[in-house]
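Visitor: Next comes protein_34.csv, CSV, C-alpha atoms:
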```csv
chain,number,residue,atom,x,y,z
S,1,MET,CA,0.0,0.0,0.0
S,2,LEU,CA,2.9,2.3,0.9
S,3,GLU,CA,4.1,2.0,-2.7
S,4,LEU,CA,1.2,4.1,-3.9
S,5,PHE,CA,2.5,7.1,-2.0
S,6,GLU,CA,6.2,6.7,-2.5
S,7,ASN,CA,6.3,9.1,-5.4
S,8,PHE,CA,5.3,11.9,-2.9
S,9,ALA,CA,8.9,11.7,-1.7
S,10,ASN,CA,10.0,12.8,-5.2
S,11,ILE,CA,8.2,16.1,-5.1
S,12,ASP,CA,10.6,19.0,-5.3
S,13,PHE,CA,9.7,22.5,-4.1
S,14,ARG,CA,10.5,23.8,-7.5
S,15,GLN,CA,7.8,21.6,-9.0
S,16,VAL,CA,5.4,23.1,-6.5
S,17,ILE,CA,6.3,26.5,-7.7
S,18,MET,CA,5.6,25.4,-11.2
S,19,TRP,CA,2.2,24.1,-10.2
S,20,ILE,CA,1.5,27.5,-8.8
S,21,ILE,CA,2.7,29.2,-12.0
S,22,GLY,CA,0.5,26.8,-14.0
S,23,GLY,CA,-2.5,27.6,-11.7
S,24,ILE,CA,-1.9,31.3,-12.2
S,25,LEU,CA,-1.9,30.9,-16.0
S,26,ILE,CA,-5.1,28.9,-15.9
S,27,TYR,CA,-6.7,31.5,-13.6
S,28,LEU,CA,-5.6,34.4,-15.9
S,29,ALA,CA,-7.0,32.4,-18.9
S,30,ILE,CA,-10.4,31.7,-17.3
S,31,LYS,CA,-11.1,34.6,-15.0
S,32,LYS,CA,-9.3,37.4,-16.8
S,33,ASP,CA,-9.9,36.0,-20.4
S,34,MET,CA,-6.2,36.6,-21.2
S,35,GLU,CA,-5.3,34.6,-24.4
S,36,PRO,CA,-7.2,31.6,-22.9
S,37,THR,CA,-6.6,29.4,-26.0
S,38,LEU,CA,-3.0,29.4,-25.2
S,39,LEU,CA,-2.5,30.3,-21.5
S,40,LEU,CA,-4.9,27.6,-20.4
S,41,PRO,CA,-3.1,24.7,-22.2
S,42,ILE,CA,0.3,26.1,-21.2
S,43,GLY,CA,-0.8,26.4,-17.6
S,44,PHE,CA,-2.2,22.8,-17.5
S,45,GLY,CA,0.9,21.6,-19.3
S,46,ALA,CA,3.1,23.3,-16.7
S,47,ILE,CA,1.4,21.2,-14.0
S,48,LEU,CA,1.4,18.1,-16.1
S,49,VAL,CA,5.2,18.1,-16.9
S,50,ASN,CA,6.1,19.0,-13.3
S,51,LEU,CA,4.5,16.1,-11.5
S,52,PRO,CA,7.3,14.0,-10.0
S,53,LEU,CA,8.5,11.4,-12.6
S,54,SER,CA,5.8,12.6,-15.0
S,55,GLY,CA,5.3,10.1,-17.7
S,56,ALA,CA,4.2,12.9,-20.0
S,57,VAL,CA,7.8,13.9,-20.5
S,58,THR,CA,10.9,11.8,-21.1
S,59,GLN,CA,12.2,10.1,-18.0
S,60,VAL,CA,15.5,8.2,-17.7
S,61,TYR,CA,15.3,5.0,-15.5
S,62,GLU,CA,17.8,2.4,-14.8
S,63,LYS,CA,16.2,0.1,-17.4
S,64,GLY,CA,16.4,2.8,-20.0
S,65,GLU,CA,14.7,5.9,-21.3
S,66,GLU,CA,10.9,6.3,-21.6
S,67,ILE,CA,9.9,8.9,-24.1
S,68,GLY,CA,7.0,11.1,-23.0
S,69,ILE,CA,4.1,12.0,-25.2
S,70,ILE,CA,4.7,15.8,-24.7
S,71,ASP,CA,8.3,15.3,-26.0
S,72,ILE,CA,7.0,13.3,-28.9
S,73,LEU,CA,4.6,16.2,-29.7
S,74,PHE,CA,7.4,18.7,-29.3
S,75,ASN,CA,9.7,16.9,-31.7
S,76,ALA,CA,6.9,16.3,-34.2
S,77,GLY,CA,5.4,19.8,-34.1
S,78,ILE,CA,7.7,22.5,-32.7
S,79,ALA,CA,11.3,21.3,-33.1
S,80,ASN,CA,10.6,21.1,-36.8
S,81,GLU,CA,8.5,24.4,-36.8
S,82,LEU,CA,5.4,22.5,-38.1
S,83,PHE,CA,2.9,23.8,-35.5
S,84,PRO,CA,3.7,27.6,-35.9
S,85,LEU,CA,3.6,27.3,-39.6
S,86,LEU,CA,0.3,25.5,-39.7
S,87,LEU,CA,-1.1,28.1,-37.3
S,88,PHE,CA,0.0,30.7,-39.8
S,89,VAL,CA,-2.2,29.2,-42.5
S,90,GLY,CA,-5.1,29.8,-40.2
S,91,ILE,CA,-4.0,33.3,-39.2
S,92,GLY,CA,-3.5,34.2,-42.9
S,93,ALA,CA,-7.0,33.0,-43.7
S,94,MET,CA,-8.4,35.2,-40.9
S,95,ILE,CA,-6.7,38.5,-42.0
S,96,ASP,CA,-8.3,41.0,-44.3
S,97,PHE,CA,-5.5,43.0,-45.9
S,98,GLY,CA,-8.1,45.3,-47.5
S,99,PRO,CA,-7.6,48.3,-45.2
S,100,LEU,CA,-3.8,48.1,-45.8
S,101,LEU,CA,-4.1,47.7,-49.5
S,102,SER,CA,-6.5,50.7,-49.5
S,103,ASN,CA,-3.7,52.8,-47.9
S,104,PRO,CA,-0.3,51.1,-48.5
S,105,LYS,CA,1.6,53.9,-46.6
S,106,LEU,CA,0.3,52.4,-43.3
S,107,MET,CA,2.8,49.7,-43.8
S,108,LEU,CA,5.5,52.1,-42.7
S,109,PHE,CA,4.1,52.0,-39.1
S,110,GLY,CA,4.3,48.3,-39.1
S,111,ALA,CA,8.0,48.6,-39.9
S,112,ALA,CA,8.6,51.3,-37.3
S,113,ALA,CA,6.9,49.3,-34.6
S,114,GLN,CA,9.4,46.5,-34.9
S,115,PHE,CA,12.0,48.8,-33.2
S,116,GLY,CA,11.4,47.0,-29.9
S,117,ILE,CA,12.8,43.8,-31.3
S,118,PHE,CA,16.1,45.3,-32.2
S,119,PHE,CA,16.3,47.5,-29.1
S,120,THR,CA,15.6,44.5,-26.9
S,121,LEU,CA,18.3,42.5,-28.7
S,122,SER,CA,20.8,45.1,-27.6
S,123,MET,CA,19.4,45.2,-24.1
S,124,ALA,CA,19.6,41.4,-23.8
S,125,ARG,CA,23.3,41.7,-24.8
S,126,LEU,CA,23.8,44.4,-22.2
S,127,PHE,CA,22.4,41.9,-19.6
S,128,GLY,CA,24.9,39.3,-20.7
S,129,PHE,CA,22.9,36.9,-22.9
S,130,ASP,CA,24.9,35.5,-25.8
S,131,ILE,CA,23.9,36.7,-29.3
S,132,ILE,CA,21.7,33.6,-30.0
S,133,ASP,CA,19.7,33.9,-26.9
S,134,ALA,CA,19.6,37.7,-27.1
S,135,ALA,CA,18.1,37.4,-30.7
S,136,SER,CA,15.6,34.8,-29.5
S,137,ILE,CA,14.5,36.9,-26.6
S,138,SER,CA,14.2,40.0,-28.8
S,139,ILE,CA,11.7,38.3,-31.0
S,140,ILE,CA,9.2,38.5,-28.1
S,141,GLY,CA,8.8,42.0,-29.5
S,142,ALA,CA,7.3,40.5,-32.7
S,143,ALA,CA,4.2,40.2,-30.6
S,144,ASP,CA,3.4,37.2,-32.6
S,145,GLY,CA,3.5,33.7,-31.0
S,146,PRO,CA,4.2,31.6,-34.1
S,147,THR,CA,7.1,33.9,-35.2
S,148,SER,CA,8.5,33.9,-31.7
S,149,ILE,CA,8.4,30.1,-31.6
S,150,PHE,CA,9.8,29.7,-35.1
S,151,VAL,CA,12.8,32.1,-34.6
S,152,ALA,CA,13.7,31.0,-31.0
S,153,ASN,CA,13.5,27.3,-32.0
S,154,TYR,CA,15.4,27.9,-35.2
S,155,LEU,CA,18.2,29.6,-33.3
S,156,GLY,CA,18.1,26.8,-30.7
S,157,SER,CA,17.6,29.0,-27.7
S,158,GLN,CA,17.7,27.3,-24.3
S,159,TYR,CA,15.0,29.8,-23.1
S,160,LEU,CA,12.2,28.7,-25.5
S,161,GLY,CA,9.7,28.1,-22.7
S,162,ALA,CA,10.2,31.5,-21.1
S,163,ILE,CA,10.2,33.3,-24.4
S,164,ILE,CA,6.9,31.8,-25.4
S,165,VAL,CA,5.2,32.4,-22.1
S,166,ALA,CA,6.4,36.0,-22.2
S,167,ALA,CA,5.3,36.5,-25.8
S,168,TYR,CA,1.8,35.2,-25.2
S,169,SER,CA,1.4,36.9,-21.8
S,170,TYR,CA,2.3,40.3,-23.1
S,171,MET,CA,0.1,39.9,-26.2
S,172,ALA,CA,-2.7,39.3,-23.7
S,173,LEU,CA,-1.6,42.4,-21.7
S,174,VAL,CA,-1.5,44.7,-24.7
S,175,PRO,CA,-4.6,46.6,-23.4
S,176,ILE,CA,-2.7,47.3,-20.2
S,177,VAL,CA,0.8,47.8,-21.5
S,178,GLN,CA,0.1,50.1,-24.5
S,179,PRO,CA,-2.2,52.9,-23.2
S,180,PRO,CA,0.1,54.4,-20.6
S,181,VAL,CA,3.1,54.3,-23.0
S,182,ILE,CA,1.0,56.0,-25.7
S,183,LYS,CA,-0.2,58.7,-23.3
S,184,LEU,CA,3.3,59.3,-22.1
S,185,ILE,CA,4.7,60.2,-25.5
S,186,THR,CA,1.7,62.0,-27.1
S,187,THR,CA,0.0,65.2,-26.3
S,188,LYS,CA,-3.7,65.6,-25.9
S,189,LYS,CA,-3.7,67.7,-29.0
S,190,GLU,CA,-2.1,64.9,-31.0
S,191,ARG,CA,-4.5,62.3,-29.6
S,192,LEU,CA,-7.4,64.4,-30.8
S,193,ILE,CA,-6.3,64.5,-34.4
S,194,ARG,CA,-9.1,63.2,-36.5
S,195,MET,CA,-8.5,60.9,-39.5
S,196,PRO,CA,-11.5,60.5,-41.7
S,197,TYR,CA,-11.6,57.1,-43.3
S,198,GLU,CA,-11.7,57.3,-47.1
S,199,PRO,CA,-11.9,53.7,-48.3
S,200,LYS,CA,-10.6,53.0,-51.7
S,201,ASN,CA,-11.9,50.1,-53.7
S,202,VAL,CA,-9.5,47.2,-53.7
S,203,THR,CA,-10.0,44.9,-56.7
S,204,LYS,CA,-10.2,41.2,-56.2
S,205,LEU,CA,-7.3,40.8,-58.5
S,206,THR,CA,-5.1,42.9,-56.2
S,207,ARG,CA,-6.2,40.9,-53.2
S,208,ILE,CA,-5.3,37.7,-55.0
S,209,LEU,CA,-1.9,38.9,-56.3
S,210,PHE,CA,-0.9,40.5,-53.0
S,211,PRO,CA,-0.1,37.3,-51.1
S,212,ILE,CA,1.7,35.8,-54.0
S,213,VAL,CA,3.9,38.8,-54.7
S,214,ILE,CA,4.6,39.4,-51.0
S,215,THR,CA,5.8,35.8,-50.6
S,216,MET,CA,8.1,36.1,-53.6
S,217,ILE,CA,9.6,39.4,-52.5
S,218,THR,CA,10.2,38.6,-48.9
S,219,GLY,CA,11.3,35.1,-49.8
S,220,ILE,CA,14.0,36.5,-52.1
S,221,VAL,CA,15.1,39.1,-49.6
S,222,SER,CA,14.9,36.9,-46.5
S,223,PRO,CA,14.9,33.3,-47.7
S,224,ARG,CA,15.0,31.9,-44.1
S,225,SER,CA,11.6,33.5,-43.3
S,226,VAL,CA,10.0,32.3,-46.5
S,227,ALA,CA,8.2,29.4,-44.8
S,228,LEU,CA,6.6,31.8,-42.3
S,229,ILE,CA,5.5,34.5,-44.7
S,230,GLY,CA,4.6,31.8,-47.3
S,231,PHE,CA,2.2,29.9,-45.0
S,232,LEU,CA,0.7,33.2,-43.8
S,233,MET,CA,0.1,34.3,-47.4
S,234,PHE,CA,-1.1,30.9,-48.5
S,235,GLY,CA,-3.8,31.1,-45.9
S,236,ASN,CA,-4.7,34.6,-47.1
S,237,LEU,CA,-4.7,33.4,-50.8
S,238,ILE,CA,-7.2,30.7,-49.8
S,239,ARG,CA,-9.4,33.4,-48.2
S,240,GLU,CA,-9.2,35.8,-51.1
S,241,CYS,CA,-9.3,33.5,-54.1
S,242,GLY,CA,-13.1,33.1,-53.8
S,243,VAL,CA,-13.3,29.5,-54.8
S,244,LEU,CA,-12.0,27.8,-51.6
S,245,ASP,CA,-14.4,29.1,-49.0
S,246,SER,CA,-14.7,25.7,-47.4
S,247,LEU,CA,-10.9,25.4,-47.0
S,248,SER,CA,-10.7,29.0,-45.8
S,249,ASP,CA,-13.3,28.3,-43.2
S,250,THR,CA,-11.5,25.1,-42.1
S,251,ALA,CA,-8.1,26.9,-41.9
S,252,GLN,CA,-9.6,29.8,-39.8
S,253,LYS,CA,-11.5,27.6,-37.4
S,254,THR,CA,-10.7,23.8,-37.3
S,255,LEU,CA,-7.0,24.0,-38.3
S,256,ALA,CA,-6.2,27.0,-36.1
S,257,ASN,CA,-8.1,25.5,-33.2
S,258,LEU,CA,-6.5,22.1,-33.5
S,259,VAL,CA,-2.9,23.4,-33.8
S,260,THR,CA,-3.5,25.9,-30.9
S,261,LEU,CA,-4.8,23.0,-28.8
S,262,PHE,CA,-1.6,21.0,-29.1
S,263,LEU,CA,0.8,24.0,-29.3
S,264,GLY,CA,0.0,25.2,-25.8
S,265,ILE,CA,0.4,21.9,-24.1
S,266,THR,CA,3.4,21.0,-26.1
S,267,ILE,CA,5.3,24.2,-25.2
S,268,ALA,CA,5.0,23.1,-21.6
S,269,THR,CA,7.8,20.6,-22.1
S,270,LYS,CA,10.1,23.7,-21.9
S,271,MET,CA,8.5,24.6,-18.6
S,272,GLN,CA,10.0,21.9,-16.5
S,273,ALA,CA,11.1,23.3,-13.2
S,274,ASP,CA,14.9,22.7,-13.7
S,275,GLN,CA,14.8,24.6,-17.0
S,276,PHE,CA,12.3,27.3,-16.2
S,277,LEU,CA,13.0,28.4,-12.6
S,278,LYS,CA,16.1,30.5,-13.2
S,279,LEU,CA,16.8,34.1,-12.6
S,280,ASP,CA,17.2,34.4,-16.4
S,281,THR,CA,13.5,33.7,-16.8
S,282,LEU,CA,12.6,36.8,-14.7
S,283,LEU,CA,15.0,38.8,-16.8
S,284,ILE,CA,13.4,37.5,-20.0
S,285,LEU,CA,10.0,38.5,-18.8
S,286,GLY,CA,11.4,41.9,-18.1
S,287,LEU,CA,13.0,42.2,-21.5
S,288,GLY,CA,9.7,41.0,-23.1
S,289,LEU,CA,8.0,44.1,-21.5
S,290,VAL,CA,10.9,46.3,-22.8
S,291,ALA,CA,10.2,44.9,-26.3
S,292,PHE,CA,6.5,45.7,-26.2
S,293,VAL,CA,7.1,49.1,-24.8
S,294,PHE,CA,9.7,50.1,-27.4
S,295,ASP,CA,7.6,48.6,-30.2
S,296,THR,CA,4.9,51.0,-29.2
S,297,VAL,CA,7.4,53.9,-28.8
S,298,GLY,CA,8.8,53.1,-32.3
S,299,GLY,CA,5.4,53.2,-34.0
S,300,VAL,CA,4.2,56.3,-32.2
S,301,MET,CA,7.4,58.3,-32.6
S,302,PHE,CA,7.6,57.5,-36.3
S,303,ALA,CA,4.1,58.9,-36.8
S,304,LYS,CA,5.1,62.0,-34.9
S,305,PHE,CA,8.2,62.3,-37.1
S,306,LEU,CA,6.1,62.0,-40.3
S,307,ASN,CA,3.8,64.7,-38.9
S,308,LEU,CA,6.7,67.1,-39.1
S,309,PHE,CA,6.4,66.9,-42.9
S,310,LEU,CA,2.8,66.2,-43.5
S,311,LYS,CA,0.1,68.8,-44.1
S,312,LYS,CA,-2.7,66.4,-43.3
S,313,LYS,CA,-1.6,65.2,-39.8
S,314,ILE,CA,-1.7,61.6,-38.7
S,315,ASN,CA,-3.0,60.7,-35.2
S,316,PRO,CA,0.3,59.3,-33.8
S,317,MET,CA,-1.6,56.7,-31.8
S,318,ILE,CA,-2.2,54.6,-34.9
S,319,GLY,CA,1.6,54.0,-35.0
S,320,ALA,CA,1.2,51.9,-31.8
S,321,ALA,CA,-1.0,49.4,-33.7
S,322,GLY,CA,2.0,48.5,-35.8
S,323,ILE,CA,2.9,45.7,-33.3
S,324,SER,CA,1.6,42.5,-34.6
S,325,ALA,CA,-0.8,41.6,-31.7
S,326,PHE,CA,-3.9,41.4,-33.8
S,327,PRO,CA,-6.5,42.7,-33.3
S,328,MET,CA,-6.0,43.8,-29.7
S,329,SER,CA,-3.6,46.6,-30.6
S,330,ALA,CA,-5.9,48.1,-33.2
S,331,ARG,CA,-8.8,48.0,-30.7
S,332,VAL,CA,-6.7,49.7,-28.0
S,333,VAL,CA,-5.9,52.6,-30.3
S,334,HIS,CA,-9.5,52.9,-31.5
S,335,LYS,CA,-10.7,52.9,-27.9
S,336,MET,CA,-8.2,55.5,-26.9
S,337,GLY,CA,-9.3,57.7,-29.8
S,338,LEU,CA,-12.9,57.5,-28.7
S,339,GLN,CA,-12.0,58.3,-25.1
S,340,GLU,CA,-10.4,61.6,-26.3
S,341,ASP,CA,-13.1,62.4,-28.8
S,342,GLU,CA,-16.4,60.4,-29.2
S,343,GLN,CA,-16.4,61.2,-32.9
S,344,ASN,CA,-12.8,60.1,-33.7
S,345,PHE,CA,-13.0,56.7,-35.3
S,346,LEU,CA,-9.5,55.3,-35.8
S,347,LEU,CA,-10.5,51.7,-36.2
S,348,MET,CA,-10.0,51.2,-39.9
S,349,HIS,CA,-6.6,53.0,-39.9
S,350,SER,CA,-5.4,51.1,-36.8
S,351,ILE,CA,-6.6,47.8,-38.3
S,352,GLY,CA,-4.6,48.6,-41.5
S,353,VAL,CA,-1.5,49.4,-39.4
S,354,ASN,CA,-2.1,46.3,-37.3
S,355,VAL,CA,-2.2,43.9,-40.3
S,356,SER,CA,0.9,45.6,-41.6
S,357,GLY,CA,2.5,44.8,-38.3
S,358,GLN,CA,1.7,41.1,-38.9
S,359,ILE,CA,3.7,41.2,-42.1
S,360,ALA,CA,6.5,43.3,-40.7
S,361,SER,CA,7.0,41.1,-37.7
S,362,VAL,CA,7.6,38.1,-39.9
S,363,ILE,CA,10.0,40.1,-42.0
S,364,ALA,CA,11.8,41.2,-38.8
S,365,GLY,CA,12.0,37.6,-37.7
S,366,GLY,CA,13.5,36.7,-41.1
S,367,LEU,CA,16.0,39.5,-40.8
S,368,ILE,CA,17.0,38.4,-37.3
S,369,LEU,CA,17.7,34.9,-38.8
S,370,ASN,CA,19.6,36.4,-41.6
S,371,LEU,CA,21.7,38.7,-39.4
S,372,ILE,CA,22.3,36.2,-36.5
S,373,GLY,CA,21.4,32.7,-37.6
G,1,MET,CA,26.2,44.0,-17.5
G,2,SER,CA,28.3,44.1,-20.6
G,3,LEU,CA,28.4,47.6,-22.2
G,4,GLU,CA,30.8,46.2,-24.8
G,5,ASN,CA,28.3,43.7,-26.0
G,6,PHE,CA,25.6,46.3,-26.0
G,7,VAL,CA,27.6,48.6,-28.2
G,8,SER,CA,28.6,45.8,-30.6
G,9,SER,CA,25.0,44.8,-31.0
G,10,LEU,CA,24.0,48.3,-32.1
G,11,SER,CA,25.1,47.5,-35.6
G,12,VAL,CA,22.5,44.7,-35.7
G,13,MET,CA,19.9,47.1,-34.6
G,14,LEU,CA,20.9,49.5,-37.3
G,15,LYS,CA,21.0,46.8,-40.0
G,16,GLY,CA,17.7,45.4,-38.9
G,17,MET,CA,15.8,48.7,-38.9
G,18,VAL,CA,17.3,49.7,-42.3
G,19,GLY,CA,16.5,46.2,-43.7
G,20,ILE,CA,12.9,46.3,-42.5
G,21,PHE,CA,12.3,49.8,-43.9
G,22,LEU,CA,13.8,48.7,-47.2
G,23,VAL,CA,11.7,45.6,-47.6
G,24,THR,CA,8.6,47.6,-46.4
G,25,GLY,CA,9.4,50.3,-49.0
G,26,VAL,CA,9.4,47.6,-51.8
G,27,ILE,CA,6.1,46.1,-50.5
G,28,ILE,CA,4.5,49.6,-50.5
G,29,LEU,CA,5.6,50.2,-54.1
G,30,ILE,CA,4.2,46.8,-55.1
G,31,MET,CA,0.9,47.5,-53.4
G,32,ILE,CA,0.7,50.9,-55.2
G,33,LEU,CA,1.6,49.2,-58.5
G,34,LEU,CA,-0.9,46.4,-58.0
G,35,ASN,CA,-3.6,48.9,-57.2
G,36,LYS,CA,-2.8,51.0,-60.3
G,37,LEU,CA,-2.5,48.0,-62.7
G,38,THR,CA,-5.7,46.3,-61.6
G,39,ASP,CA,-7.5,49.7,-61.7
G,40,ILE,CA,-6.4,50.2,-65.2
G,41,LYS,CA,-7.5,46.7,-66.2
G,42,LYS,CA,-10.9,47.4,-64.5
G,43,LYS,CA,-11.4,50.6,-66.5
```
Here is the file; what I need is its structure written in the form of structure tokens.

Guide:
Amino acid sequence: MLELFENFANIDFRQVIMWIIGGILIYLAIKKDMEPTLLLPIGFGAILVNLPLSGAVTQVYEKGEEIGIIDILFNAGIANELFPLLLFVGIGAMIDFGPLLSNPKLMLFGAAAQFGIFFTLSMARLFGFDIIDAASISIIGAADGPTSIFVANYLGSQYLGAIIVAAYSYMALVPIVQPPVIKLITTKKERLIRMPYEPKNVTKLTRILFPIVITMITGIVSPRSVALIGFLMFGNLIRECGVLDSLSDTAQKTLANLVTLFLGITIATKMQADQFLKLDTLLILGLGLVAFVFDTVGGVMFAKFLNLFLKKKINPMIGAAGISAFPMSARVVHKMGLQEDEQNFLLMHSIGVNVSGQIASVIAGGLILNLIG
Amino acid sequence: MSLENFVSSLSVMLKGMVGIFLVTGVIILIMILLNKLTDIKKK
């Protein structure tokens, strides 16, 4: 009978801390509705893999090694970048690039709002991380889970678990992180700038050619990111072609849900106490915040810079939507606009900037791989 | 803290930001071109 309880002796206090962390993630997902599709599986997985001698992860016994199912899933879906890429097909099918195609200049804000990535890379180097880990940490600033997983995994960072938890947590915290930063660097007068939306008709042919051409251009410039941008644009092509509605629907719902389901719980393999509970993890969470803050600063300051030369001023808040966190960031900017002036509707502009951020973050990921990988 | 590492990584920051604006510039040109070409075809 005592044999039933002998595994209790294997409980380590660090595992208990991980159970608490897992519990907090589940609480945030359910009670606070923070990225529940990912934080809940990650939270549950954190508990699952931190049970003493958990059979869900690989264990080494005297008789030999027993491979855990979570490790099998990791090797089958994340180590080879399959899950993030499949998820990108779903995301691509969800995105309407119409507002961006209607006003291509908005793409500039998407580029500017990647500043946090490169700034954080330098900050991580300042704190002593080697160049590979610094580059992997910086990609938290892509504000885009699949890109973060892809790049950090491609570079072989030892901090994959912490990076992914930070990326998804801050994406969920965009409505809390961005507003104070935006208010700090803009004046009330700037926040009151109205931007009437003048939609231009975007032809179906443009919508179809766009994903194909973007894949070719970014693929040629940044061949290492061609899989990421290619799968994103493939999803979008399915959406826009008009003859694959059923596939588009499947990609948006069934495929995205299935991959998300396994992605979260699989990531938990990198949340085993001995790998996760390090001072570096706290530092990475801090650097993740730096990345999101400076992404926001980059987008807003670039809009302010453009305003120096423009007759028709831009509301600089829309620059903050250039981070890829879609559509939270666009909604934050829209809400802030309405708070300042009930008649100031920034949604379509901020959506345009937000989808441009999606493309720009993938390009930034590719550039990181080209420059560091 | 390693100020030396920080300074040496600034070149990556510079190259990254220049690179992203270059690619973005090309994409904007393509979008404008696509809009113009398909508009002409429509007319």

Visitor: Select all residues near (7.4, 45.0, -43.0) (cut-off 8 Å, inclusive, file coordinates), counting all atoms listed in the file, and output them as a list of chain:residue names.

Guide: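 Residues satisfying the cut-off, written out: S:Met107, S:Leu108, S:Gly110, S:Ala111, S:Ser356, S:Gly357, S:Ile359, S:Ala360, S:Ser361, S:Val362, S:Ile363, S:Ala364, G:Ile20, G:Phe21, G:Val23, G:Thr24, G:Ile27.
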
Visitor: Please return, as a list in words, all residues of chain G lying within 7 Å of chain S when all atoms listed in the file are considered.

Guide: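 In the required form, that comes to Met1, Ser2, Leu3, Asn5, Phe6, Ser9, Leu10, Met13, Gly16, Met17, Ile20, Phe21, Thr24, Ile27, Ile28, Met31, Ile32, Leu34, Asn35 and Thr38 of chain G.
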
Visitor: What is the atom CA of Ala303 of chain S-atom CA of Val353 of chain S distance in Å, reported with one decimal?

Guide: 11.3 Å

Visitor: Quote the spacing between atom CA of Asp280 of chain S and atom CA of Thr37 of chain S in Å to one decimal place.

Guide: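 Going from atom CA of Asp280 of chain S over to atom CA of Thr37 of chain S, I get 26.1 Å.
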
Visitor: Could you check how far atom CA of Ile70 of chain S sits from atom CA of Gln158 of chain S, in Å to one decimal?

Guide: 17.4 Å

Visitor: Give the answer as one residue: which of S:Leu192, S:Phe262, S:Phe276, S:Ala46 has the shortest atom-to-atom distance to Leu160 of chain S, using only C-alpha atoms?

Guide: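 Of S:Leu192, S:Phe262, S:Phe276, S:Ala46, the one nearest Leu160 of chain S, counting only C-alpha atoms, is S:Phe276.
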
Visitor: Fewer than 4 positions away in the same chain doesn't count, so skip those; otherwise give me all residues within 8 Å of segment 229-246 of chain S, counting all atoms listed in the file, as a list in words.

Guide: Leu85, Leu86, Phe88, Val89, Gly90, Ile91, Gly92, Ala93, Met94, Ile95, Asp96, Lys204, Arg207, Ile208, Pro211, Ile212, Ile214, Thr215, Thr218, Gly219, Ser225, Thr250, Ala251, Ile359, Val362 and Ile363 of chain S

Visitor: Here is a test: counting only C-alpha atoms, which residue of S:Glu190, S:Glu65, S:Glu340, S:Asp71 is nearest to Ile265 of chain S?

Guide: S:Asp71

Visitor: So which residues fall inside 12 Å of (12.3, 10.6, -5.2) if we count only C-alpha atoms? Mind giving them as a ChimeraX atom specification?

Guide: /S:5-12,51-54

Visitor: With C-alpha atoms kept, could you save the residues just selected as an mmCIF file, in the frame of the given file?

Guide:
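After the write, selection_38.cif holds the following:
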```
data_model
loop_
_atom_site.group_PDB
_atom_site.id
_atom_site.type_symbol
_atom_site.label_atom_id
_atom_site.label_comp_id
_atom_site.auth_asym_id
_atom_site.auth_seq_id
_atom_site.Cartn_x
_atom_site.Cartn_y
_atom_site.Cartn_z
ATOM 1 C CA PHE S 5 2.500 7.100 -2.000
ATOM 2 C CA GLU S 6 6.200 6.700 -2.500
ATOM 3 C CA ASN S 7 6.300 9.100 -5.400
ATOM 4 C CA PHE S 8 5.300 11.900 -2.900
ATOM 5 C CA ALA S 9 8.900 11.700 -1.700
ATOM 6 C CA ASN S 10 10.000 12.800 -5.200
ATOM 7 C CA ILE S 11 8.200 16.100 -5.100
ATOM 8 C CA ASP S 12 10.600 19.000 -5.300
ATOM 9 C CA LEU S 51 4.500 16.100 -11.500
ATOM 10 C CA PRO S 52 7.300 14.000 -10.000
ATOM 11 C CA LEU S 53 8.500 11.400 -12.600
ATOM 12 C CA SER S 54 5.800 12.600 -15.000
#
```

Visitor: Which residue is closest to Val12 of chain G? Choose from S:Ala172, S:Met317, S:Leu369, S:Val290 and count only C-alpha atoms.

Guide: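 Distance minimum relative to Val12 of chain G lands on S:Leu369.
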